[in-house]
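The next block is target.tsv, given as TSV, C-alpha atoms.
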```tsv
chain	number	residue	atom	x	y	z
A	1	MET	CA	97.09	-268.43	86.33
A	2	HIS	CA	94.79	-267.20	89.10
A	3	GLU	CA	96.19	-263.69	89.01
A	4	ALA	CA	95.49	-262.82	85.42
A	5	PRO	CA	91.67	-262.76	85.41
A	6	ARG	CA	91.55	-260.51	88.46
A	7	SER	CA	93.98	-258.02	87.00
A	8	ILE	CA	91.82	-257.75	83.92
A	9	ILE	CA	88.73	-256.70	85.83
A	10	PRO	CA	89.83	-253.11	86.42
A	11	VAL	CA	90.78	-252.80	82.77
A	12	ILE	CA	87.37	-253.99	81.73
A	13	CYS	CA	85.74	-251.53	84.08
A	14	VAL	CA	87.75	-248.63	82.71
A	15	VAL	CA	86.96	-249.61	79.13
A	16	ALA	CA	83.29	-249.99	80.01
A	17	ALA	CA	83.28	-246.55	81.57
A	18	MET	CA	84.93	-245.04	78.51
A	19	ILE	CA	82.26	-246.56	76.34
A	20	ALA	CA	79.46	-245.59	78.67
A	21	ILE	CA	80.31	-241.90	78.95
A	22	PRO	CA	79.89	-240.97	75.28
A	23	VAL	CA	76.71	-243.01	75.09
A	24	ASN	CA	75.24	-241.12	78.02
A	25	ALA	CA	76.20	-237.82	76.46
A	26	GLN	CA	74.35	-238.77	73.33
A	27	ASP	CA	71.34	-239.90	75.32
A	28	THR	CA	70.97	-236.49	76.92
A	29	GLY	CA	71.23	-234.71	73.61
A	30	GLN	CA	73.98	-232.46	74.93
A	31	ALA	CA	76.51	-230.99	72.56
A	32	ALA	CA	79.66	-232.98	72.02
A	33	PRO	CA	82.49	-231.85	74.29
A	34	GLU	CA	84.42	-230.33	71.43
A	35	ALA	CA	83.87	-226.83	72.74
A	36	THR	CA	85.67	-227.65	75.94
A	37	ALA	CA	88.53	-229.53	74.25
A	38	PRO	CA	92.04	-228.15	74.72
A	39	ARG	CA	92.68	-225.16	72.54
A	40	PRO	CA	95.80	-224.58	70.48
A	41	ALA	CA	98.12	-221.99	71.90
A	42	SER	CA	97.46	-219.69	68.97
A	43	ASP	CA	93.99	-219.06	70.31
A	44	TYR	CA	95.49	-217.40	73.34
A	45	ARG	CA	97.31	-214.93	71.11
A	46	LYS	CA	93.93	-213.87	69.72
A	47	LEU	CA	93.05	-212.58	73.16
A	48	GLU	CA	95.50	-209.74	72.62
A	49	ALA	CA	93.03	-208.18	70.19
A	50	LEU	CA	90.39	-207.91	72.91
A	51	PRO	CA	90.02	-204.83	75.12
A	52	ASN	CA	92.01	-204.80	78.34
A	53	TRP	CA	89.63	-205.29	81.25
A	54	THR	CA	92.33	-206.36	83.69
A	55	GLY	CA	91.81	-205.24	87.24
A	56	VAL	CA	89.25	-205.00	89.98
A	57	TRP	CA	85.99	-203.30	89.07
A	58	ALA	CA	83.85	-201.86	91.87
A	59	PRO	CA	80.16	-201.20	91.30
A	60	ASP	CA	79.14	-197.57	91.17
A	61	TRP	CA	76.75	-197.47	94.12
A	62	ALA	CA	74.65	-194.81	92.47
A	63	TYR	CA	73.53	-197.49	90.06
A	64	LEU	CA	73.08	-200.15	92.70
A	65	PHE	CA	70.32	-198.53	94.69
A	66	GLY	CA	71.02	-194.89	94.28
A	67	ARG	CA	68.27	-193.67	92.07
A	68	ALA	CA	66.21	-190.96	93.69
A	69	ASP	CA	63.04	-192.53	92.31
A	70	GLY	CA	63.90	-196.03	93.50
A	71	PRO	CA	64.89	-199.05	91.45
A	72	PRO	CA	63.95	-199.08	87.75
A	73	LYS	CA	60.29	-199.99	87.42
A	74	PRO	CA	59.50	-202.49	84.69
A	75	GLU	CA	56.24	-202.57	82.78
A	76	LEU	CA	54.70	-205.85	83.86
A	77	THR	CA	52.06	-208.12	82.46
A	78	PRO	CA	48.80	-208.02	84.47
A	79	ALA	CA	49.61	-211.36	86.10
A	80	ALA	CA	53.11	-210.29	87.14
A	81	ALA	CA	51.82	-206.92	88.33
A	82	ALA	CA	49.22	-208.61	90.54
A	83	LYS	CA	51.89	-210.87	92.01
A	84	LEU	CA	54.16	-207.91	92.71
A	85	GLU	CA	51.30	-206.00	94.32
A	86	ALA	CA	50.63	-208.90	96.69
A	87	PHE	CA	54.35	-209.13	97.45
A	88	GLU	CA	54.48	-205.44	98.34
A	89	ALA	CA	51.25	-205.60	100.36
A	90	ALA	CA	52.67	-208.39	102.53
A	91	LYS	CA	55.39	-206.02	103.73
A	92	GLU	CA	52.71	-204.37	105.87
A	93	LYS	CA	52.51	-207.67	107.76
A	94	GLY	CA	56.26	-207.75	108.23
A	95	GLU	CA	56.80	-210.20	105.40
A	96	ASN	CA	59.03	-209.95	102.32
A	97	LEU	CA	61.32	-207.57	104.15
A	98	GLN	CA	64.37	-209.78	103.78
A	99	GLY	CA	65.33	-212.15	100.99
A	100	GLN	CA	67.03	-215.53	101.11
A	101	ILE	CA	70.32	-213.74	100.57
A	102	ALA	CA	70.15	-213.09	104.33
A	103	ASN	CA	70.45	-216.87	104.71
A	104	CYS	CA	73.61	-216.76	102.60
A	105	ILE	CA	71.86	-218.02	99.48
A	106	PRO	CA	73.32	-216.18	96.46
A	107	PRO	CA	70.87	-213.97	94.57
A	108	GLY	CA	71.46	-215.43	91.11
A	109	MET	CA	71.28	-213.33	87.97
A	110	PRO	CA	70.83	-210.43	87.64
A	111	GLY	CA	71.27	-209.68	91.35
A	112	ILE	CA	74.78	-211.12	91.51
A	113	MET	CA	75.90	-208.31	89.18
A	114	ARG	CA	74.41	-205.71	91.52
A	115	MET	CA	76.13	-206.57	94.75
A	116	PRO	CA	78.15	-203.84	96.48
A	117	TYR	CA	81.44	-205.70	96.05
A	118	PRO	CA	83.76	-205.81	93.03
A	119	ILE	CA	84.02	-208.11	90.06
A	120	GLU	CA	86.89	-209.09	87.79
A	121	PHE	CA	87.16	-210.56	84.30
A	122	VAL	CA	89.24	-213.46	83.02
A	123	PHE	CA	89.49	-214.00	79.27
A	124	THR	CA	90.29	-217.40	77.81
A	125	PRO	CA	89.91	-218.62	74.23
A	126	ASN	CA	86.69	-220.39	75.24
A	127	ALA	CA	85.01	-218.05	77.62
A	128	VAL	CA	84.93	-214.90	79.62
A	129	TYR	CA	84.74	-215.59	83.32
A	130	VAL	CA	83.17	-212.96	85.53
A	131	ILE	CA	84.33	-213.50	89.09
A	132	THR	CA	82.12	-211.85	91.67
A	133	GLU	CA	83.60	-211.14	95.05
A	134	THR	CA	80.16	-211.46	96.64
A	135	PHE	CA	79.65	-215.15	97.39
A	136	SER	CA	82.94	-215.85	95.52
A	137	GLN	CA	81.02	-216.88	92.43
A	138	VAL	CA	82.01	-217.36	88.80
A	139	ARG	CA	79.85	-216.67	85.77
A	140	ARG	CA	81.01	-218.64	82.73
A	141	ILE	CA	80.21	-216.79	79.52
A	142	TYR	CA	81.13	-219.06	76.61
A	143	THR	CA	82.53	-217.15	73.65
A	144	ASP	CA	83.53	-220.17	71.55
A	145	GLY	CA	80.53	-220.03	69.27
A	146	ARG	CA	78.38	-222.62	70.99
A	147	SER	CA	74.64	-222.16	71.21
A	148	LEU	CA	72.63	-221.70	74.36
A	149	PRO	CA	71.34	-225.01	75.73
A	150	GLU	CA	67.88	-225.93	74.45
A	151	ASP	CA	66.39	-227.14	77.72
A	152	PRO	CA	68.73	-225.96	80.46
A	153	ASP	CA	68.48	-226.90	84.07
A	154	PRO	CA	67.58	-223.89	86.21
A	155	PHE	CA	70.79	-222.26	87.43
A	156	PHE	CA	71.05	-219.36	89.83
A	157	ASN	CA	73.24	-217.49	87.36
A	158	GLY	CA	71.68	-219.09	84.29
A	159	HIS	CA	73.56	-220.28	81.23
A	160	SER	CA	75.45	-217.67	79.24
A	161	ILE	CA	77.08	-217.26	75.86
A	162	GLY	CA	78.86	-214.16	74.63
A	163	ARG	CA	80.18	-212.60	71.47
A	164	TRP	CA	82.32	-209.59	70.75
A	165	GLU	CA	80.88	-206.74	68.74
A	166	GLY	CA	84.00	-204.63	68.42
A	167	ASP	CA	85.00	-203.78	71.96
A	168	THR	CA	81.56	-204.60	73.36
A	169	LEU	CA	80.91	-207.99	74.95
A	170	VAL	CA	77.31	-209.03	74.29
A	171	VAL	CA	76.08	-211.71	76.68
A	172	GLU	CA	72.87	-213.73	76.44
A	173	THR	CA	71.63	-215.60	79.47
A	174	ILE	CA	68.76	-218.06	79.88
A	175	GLY	CA	67.92	-220.91	82.21
A	176	LEU	CA	67.43	-218.91	85.39
A	177	ASN	CA	66.17	-220.42	88.61
A	178	PRO	CA	62.49	-219.47	89.05
A	179	LYS	CA	62.97	-219.42	92.82
A	180	MET	CA	65.27	-216.45	92.45
A	181	GLU	CA	64.15	-212.89	91.86
A	182	LEU	CA	64.80	-210.59	88.94
A	183	GLN	CA	63.75	-207.89	91.36
A	184	GLY	CA	61.82	-208.04	94.62
A	185	GLY	CA	58.55	-209.86	93.95
A	186	ILE	CA	59.38	-210.60	90.30
A	187	ASN	CA	60.57	-214.13	89.51
A	188	PRO	CA	62.08	-215.40	86.27
A	189	THR	CA	60.44	-218.13	84.20
A	190	GLU	CA	61.75	-220.54	81.59
A	191	LYS	CA	61.12	-217.79	79.03
A	192	THR	CA	63.29	-215.19	80.73
A	193	ARG	CA	66.21	-213.97	78.66
A	194	ILE	CA	68.81	-211.44	79.73
A	195	VAL	CA	71.07	-209.57	77.31
A	196	GLU	CA	73.97	-207.61	78.72
A	197	ARG	CA	76.26	-205.31	76.77
A	198	PHE	CA	79.59	-204.65	78.53
A	199	ARG	CA	81.77	-201.82	77.24
A	200	LEU	CA	84.27	-199.30	78.53
A	201	ALA	CA	82.88	-195.77	78.60
A	202	ASP	CA	86.44	-194.68	79.33
A	203	PRO	CA	89.53	-196.65	80.44
A	204	GLY	CA	88.44	-196.62	84.08
A	205	ARG	CA	84.69	-196.93	83.75
A	206	MET	CA	82.63	-199.84	82.49
A	207	MET	CA	78.99	-199.55	81.52
A	208	VAL	CA	76.63	-202.49	81.30
A	209	ASP	CA	73.30	-202.16	79.53
A	210	MET	CA	70.91	-204.91	80.53
A	211	THR	CA	67.68	-205.89	78.81
A	212	ILE	CA	65.42	-208.55	80.29
A	213	THR	CA	62.60	-210.02	78.25
A	214	ASP	CA	59.91	-212.51	79.21
A	215	PRO	CA	56.45	-212.44	77.63
A	216	ASP	CA	54.93	-213.88	80.81
A	217	VAL	CA	56.42	-211.20	83.05
A	218	PHE	CA	57.26	-208.03	81.14
A	219	ALA	CA	54.86	-206.09	78.94
A	220	LYS	CA	57.90	-204.64	77.20
A	221	PRO	CA	61.66	-205.25	77.43
A	222	PHE	CA	62.97	-204.16	80.81
A	223	THR	CA	66.15	-202.13	80.41
A	224	SER	CA	68.54	-200.96	83.09
A	225	GLN	CA	72.14	-199.86	83.43
A	226	MET	CA	75.04	-200.64	85.74
A	227	ALA	CA	78.42	-199.01	86.01
A	228	TYR	CA	81.71	-200.30	87.40
A	229	VAL	CA	84.76	-198.26	88.29
A	230	LEU	CA	88.32	-199.59	87.98
A	231	LYS	CA	90.09	-199.71	91.35
A	232	PRO	CA	93.82	-199.95	90.61
A	233	ASP	CA	94.81	-200.34	94.27
A	234	TRP	CA	92.22	-203.00	95.19
A	235	GLU	CA	92.60	-206.73	95.36
A	236	MET	CA	89.72	-209.17	95.27
A	237	ARG	CA	88.91	-210.67	98.66
A	238	GLU	CA	87.18	-213.86	99.62
A	239	TYR	CA	83.58	-213.79	100.82
A	240	VAL	CA	82.37	-216.80	102.74
A	241	CYS	CA	78.91	-215.76	103.84
A	242	GLN	CA	78.57	-218.65	106.28
A	243	GLU	CA	81.64	-217.53	108.21
A	244	ASN	CA	79.59	-215.68	110.80
A	245	ASN	CA	76.09	-215.07	109.51
A	246	ARG	CA	73.81	-213.90	112.29
A	247	ASP	CA	71.04	-212.64	110.05
A	248	ALA	CA	68.23	-214.77	108.73
A	249	ALA	CA	64.94	-214.64	106.88
A	250	ASP	CA	62.16	-217.17	107.32
A	251	GLU	CA	60.09	-218.51	104.44
A	252	PHE	CA	57.89	-215.41	104.59
A	253	GLY	CA	60.83	-213.05	104.42
A	254	ARG	CA	60.61	-212.02	108.06
A	255	PRO	CA	64.05	-210.93	109.29
A	256	THR	CA	65.87	-211.89	112.46
A	257	LEU	CA	69.26	-211.02	113.93
A	258	ASN	CA	71.11	-213.10	116.51
A	259	ILE	CA	73.10	-210.82	118.82
A	260	ASP	CA	73.84	-213.40	121.53
B	1	MET	CA	71.41	-192.07	81.17
B	2	LEU	CA	71.08	-190.71	84.69
B	3	ARG	CA	71.37	-186.98	84.95
B	4	THR	CA	74.01	-185.46	87.16
B	5	ARG	CA	71.56	-184.24	89.76
B	6	SER	CA	69.96	-187.58	90.30
B	7	LEU	CA	73.38	-189.21	90.28
B	8	LEU	CA	74.58	-187.04	93.15
B	9	LEU	CA	71.43	-187.59	95.13
B	10	GLY	CA	71.69	-191.23	94.25
B	11	CYS	CA	75.14	-191.51	95.79
B	12	ALA	CA	73.84	-190.36	99.14
B	13	VAL	CA	70.92	-192.75	99.01
B	14	ALA	CA	73.21	-195.59	98.08
B	15	VAL	CA	75.39	-194.98	101.11
B	16	ALA	CA	72.43	-195.07	103.44
B	17	ALA	CA	70.91	-198.14	101.90
B	18	MET	CA	74.09	-200.07	101.34
B	19	PRO	CA	73.91	-202.78	104.01
B	20	ALA	CA	70.52	-203.71	102.71
B	21	ALA	CA	71.58	-204.84	99.32
B	22	ALA	CA	74.88	-206.17	100.62
B	23	HIS	CA	73.32	-208.97	102.52
B	24	HIS	CA	70.05	-208.09	104.19
B	25	SER	CA	67.52	-205.33	104.60
B	26	THR	CA	67.54	-202.51	107.09
B	27	ALA	CA	64.10	-203.51	108.35
B	28	LEU	CA	65.27	-204.57	111.81
B	29	PHE	CA	66.83	-201.20	112.61
B	30	HIS	CA	65.69	-197.65	113.11
B	31	TRP	CA	67.79	-196.92	110.07
B	32	GLY	CA	69.18	-193.41	109.92
B	33	LYS	CA	68.36	-192.63	113.55
B	34	GLU	CA	71.90	-192.32	114.92
B	35	VAL	CA	72.10	-192.78	118.71
B	36	PRO	CA	75.22	-192.34	120.90
B	37	LEU	CA	76.56	-194.86	123.41
B	38	THR	CA	79.39	-193.67	125.62
B	39	ASN	CA	81.84	-195.20	128.04
B	40	ALA	CA	81.90	-198.57	126.31
B	41	THR	CA	84.59	-201.20	126.73
B	42	VAL	CA	85.23	-203.56	123.83
B	43	GLU	CA	84.52	-207.16	124.74
B	44	ARG	CA	84.80	-208.78	121.31
B	45	TRP	CA	85.51	-207.70	117.72
B	46	ASP	CA	84.47	-210.19	115.02
B	47	TRP	CA	86.23	-209.33	111.75
B	48	THR	CA	84.01	-211.65	109.74
B	49	ASN	CA	81.75	-211.94	106.73
B	50	PRO	CA	79.07	-211.22	105.93
B	51	HIS	CA	79.21	-208.60	108.69
B	52	VAL	CA	81.59	-207.52	111.38
B	53	PHE	CA	80.27	-207.58	114.93
B	54	LEU	CA	81.27	-205.42	117.86
B	55	TYR	CA	80.37	-206.45	121.40
B	56	VAL	CA	80.91	-203.98	124.23
B	57	ARG	CA	80.13	-203.60	127.91
B	58	VAL	CA	78.65	-200.41	129.29
B	59	PRO	CA	78.06	-199.52	132.97
B	60	ASN	CA	74.42	-199.64	134.02
B	61	LYS	CA	72.52	-197.91	136.81
B	62	ALA	CA	72.60	-201.01	139.01
B	63	GLY	CA	76.35	-200.75	139.29
B	64	GLY	CA	77.09	-203.56	136.89
B	65	THR	CA	77.57	-203.63	133.15
B	66	ASP	CA	75.30	-204.41	130.21
B	67	ARG	CA	76.40	-206.17	127.09
B	68	TRP	CA	75.60	-204.45	123.80
B	69	ALA	CA	76.00	-205.98	120.34
B	70	PHE	CA	76.39	-204.16	117.06
B	71	GLU	CA	76.38	-205.41	113.53
B	72	GLY	CA	78.54	-203.50	111.08
B	73	MET	CA	79.56	-203.58	107.47
B	74	SER	CA	81.89	-206.31	106.14
B	75	PRO	CA	85.65	-206.79	106.10
B	76	ASN	CA	85.41	-206.53	102.33
B	77	HIS	CA	84.00	-203.03	102.61
B	78	LEU	CA	85.79	-201.81	105.72
B	79	SER	CA	89.27	-202.98	104.73
B	80	ARG	CA	88.99	-200.63	101.76
B	81	GLU	CA	87.95	-197.79	104.07
B	82	GLY	CA	90.89	-198.00	106.45
B	83	TRP	CA	89.57	-200.46	109.03
B	84	SER	CA	91.27	-203.73	109.90
B	85	LYS	CA	91.05	-206.76	112.15
B	86	ARG	CA	93.23	-204.77	114.57
B	87	THR	CA	91.07	-201.65	114.60
B	88	LEU	CA	89.48	-202.77	117.86
B	89	LYS	CA	90.54	-205.15	120.59
B	90	PRO	CA	89.12	-206.31	123.91
B	91	GLY	CA	89.63	-203.71	126.61
B	92	ASP	CA	89.59	-200.69	124.28
B	93	ARG	CA	87.58	-197.80	125.72
B	94	ILE	CA	85.39	-196.22	123.07
B	95	ASN	CA	82.31	-194.14	122.41
B	96	LEU	CA	80.11	-195.18	119.53
B	97	THR	CA	76.97	-194.35	117.61
B	98	TYR	CA	74.45	-196.81	116.20
B	99	TYR	CA	71.08	-197.30	114.57
B	100	PRO	CA	68.98	-199.07	117.26
B	101	LEU	CA	67.26	-202.39	116.87
B	102	LYS	CA	63.51	-201.88	116.64
B	103	ASP	CA	62.80	-204.74	119.04
B	104	GLY	CA	64.41	-202.97	121.99
B	105	ARG	CA	67.29	-205.35	122.54
B	106	LYS	CA	70.59	-203.75	123.49
B	107	GLY	CA	72.17	-203.43	120.10
B	108	GLY	CA	71.88	-202.21	116.58
B	109	PHE	CA	73.93	-201.31	113.56
B	110	ASN	CA	77.22	-199.58	114.38
B	111	VAL	CA	77.69	-196.26	112.60
B	112	SER	CA	80.83	-194.74	114.14
B	113	VAL	CA	83.50	-195.45	116.75
B	114	THR	CA	85.41	-192.74	118.64
B	115	PHE	CA	88.61	-193.70	120.42
B	116	ALA	CA	90.06	-192.26	123.63
B	117	ASP	CA	92.32	-189.97	121.59
B	118	GLY	CA	89.29	-188.42	119.93
B	119	LYS	CA	89.79	-190.07	116.55
B	120	THR	CA	86.54	-191.17	114.92
B	121	ILE	CA	86.06	-193.81	112.24
B	122	ARG	CA	82.81	-194.55	110.48
B	123	GLN	CA	81.26	-197.73	109.13
B	124	LEU	CA	78.99	-195.60	106.99
B	125	PRO	CA	80.37	-192.43	105.45
B	126	ALA	CA	79.25	-189.20	107.15
B	127	GLY	CA	76.40	-187.25	105.68
B	128	ALA	CA	74.26	-190.19	104.71
B	129	PRO	CA	70.79	-188.70	104.98
B	130	ALA	CA	68.47	-190.51	107.32
B	131	SER	CA	65.54	-189.81	105.06
B	132	ALA	CA	67.23	-191.76	102.34
B	133	ALA	CA	67.09	-195.01	104.27
B	134	ARG	CA	65.11	-197.54	102.36
B	135	GLU	CA	64.55	-201.20	102.52
B	136	GLN	CA	65.87	-203.08	99.55
```

Whole structure given in structure tokens:
Amino acid sequence: MHEAPRSIIPVICVVAAMIAIPVNAQDTGQAAPEATAPRPASDYRKLEALPNWTGVWAPDWAYLFGRADGPPKPELTPAAAAKLEAFEAAKEKGENLQGQIANCIPPGMPGIMRMPYPIEFVFTPNAVYVITETFSQVRRIYTDGRSLPEDPDPFFNGHSIGRWEGDTLVVETIGLNPKMELQGGINPTEKTRIVERFRLADPGRMMVDMTITDPDVFAKPFTSQMAYVLKPDWEMREYVCQENNRDAADEFGRPTLNID
Amino acid sequence: MLRTRSLLLGCAVAVAAMPAAAHHSTALFHWGKEVPLTNATVERWDWTNPHVFLYVRVPNKAGGTDRWAFEGMSPNHLSREGWSKRTLKPGDRINLTYYPLKDGRKGGFNVSVTFADGKTIRQLPAGAPASAAREQ
């Protein structure tokens, strides 16, 4: 008789938790978890209609930092231009020479797509995953028809949804972390929106057109391009930045290197 | 939309500037100013991310040896360019070239390594123009 009540307690707790979880989800106004529910196997067969992006794709360095006239220069709002000017001026004092990436903090979007190491794509019925070798990160691009979140938490890589327009994957991203940089001295805001268009220019070459808009930052949409080259004989490697990082940047972007 | 000419020029610039965007800027180094260091003996070879490190000892005028330290690219880059964790080992006698640290410490960014048999391997591909060095 003494055993029974005690054995019921865990059951009650489990039931209470089951009740509590959906209530909390409703409280936060988040979409019901239907989009992440298990998918019927037939959805996987639909993937066969998508273009084949299997393999390891290395960035074309010419697009990374190879332009003779420097990185693409956006047309900025007066406020953003003044901020960038101050950022550049501080370099004369030895500041802003090194970003937090030197402290092994990932760059976030769009920088994570412009690292000198390869990426790969994984298609599922729900999403396209972009796996970046640099920092071993994953971008989740939901292709299941869901909307972008209305008031997203700031994420380094933002929140992304995608849709297929023929063989082109169109990706919208919002919810970037304002502490990150769109480019040196230019930070995103809650209004920043990135649209990427991924397509194969030929079977071994992928082009990505990127447009960034933000009425507080850009006077007109900021467009740029990236290219990736298929590397049939490459495998993705791990990248644990903290393994042996001897570089650093302080809060003013002043670099150091430990050679002891 | 880049034209061919700027693409080709761009490739060279990219090579020179690569470590910058990989993980950090080139601000600490006299980037592009390749300096030789001969008669070095490998003390340690760190095949690690985000950068490899090469520590060597070189005879000094006082009759002893000085320790020099060189940052390099990453295993992720170098493994695809023919380097490996076994490329160097303690005791190997090498000559090398490097971009010096601006602060005068004995070290810098390793550019090339030449082995006793005369074979040379490069962290950065040859022909990267010094003038193209740029901080990212």

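Counting all atoms listed in the file, the residue from A:Ala201, A:Ile161, A:Ile105, A:Ile194 that sits nearest to Val240 of chain A is A:Ile105.
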
Could you give me the axis-aligned bounding box of segment 198-208 of chain A, with 5 Å of padding per side, as centre plus edge lengths in Å to one decimal, as lines of an AutoDock Vina configuration file?
```
center_x = 83.1
center_y = -199.7
center_z = 80.7
size_x = 22.9
size_y = 20.0
size_z = 16.8
```

Point-to-point distance from atom CA of Glu243 of chain A to atom CA of His51 of chain B, Å rounded to tenths: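 Computing it gives 9.3 Å between the two atoms.
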
Given all atoms listed in the file as the counted atoms, nearest of B:Tyr55, B:Asn76, B:Trp47, B:Ser84 to Ser136 of chain A: B:Asn76

Env of Trp234 of chain A: 8 Å cut, atoms = only C-alpha atoms, seq-sep filter 3 positions within chain, self excluded. Answer as a PDB file with C-alpha atoms, in the coordinates of the input.
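To be explicit, this is the file written out as part06.pdb:
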```pdb
ATOM      1  CA  VAL A  56      89.250-205.000  89.980  1.00  0.00           C
ATOM      2  CA  LYS A 231      90.090-199.710  91.350  1.00  0.00           C
TER       3      LYS A 231
ATOM      4  CA  ARG B  80      88.990-200.630 101.760  1.00  0.00           C
TER       5      ARG B  80
END
```

Atom pair atom CA of Pro125 of chain A / atom CA of Val208 of chain A: separation (Å):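 Going from atom CA of Pro125 of chain A over to atom CA of Val208 of chain A covers 22.1 Å.
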
Residue nearest Met207 of chain A - candidates A:Met226, A:Val128, A:Ala81, A:Ala248, atoms counted: all atoms listed in the file: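 Nearest candidate to Met207 of chain A out of A:Met226, A:Val128, A:Ala81, A:Ala248: A:Met226.
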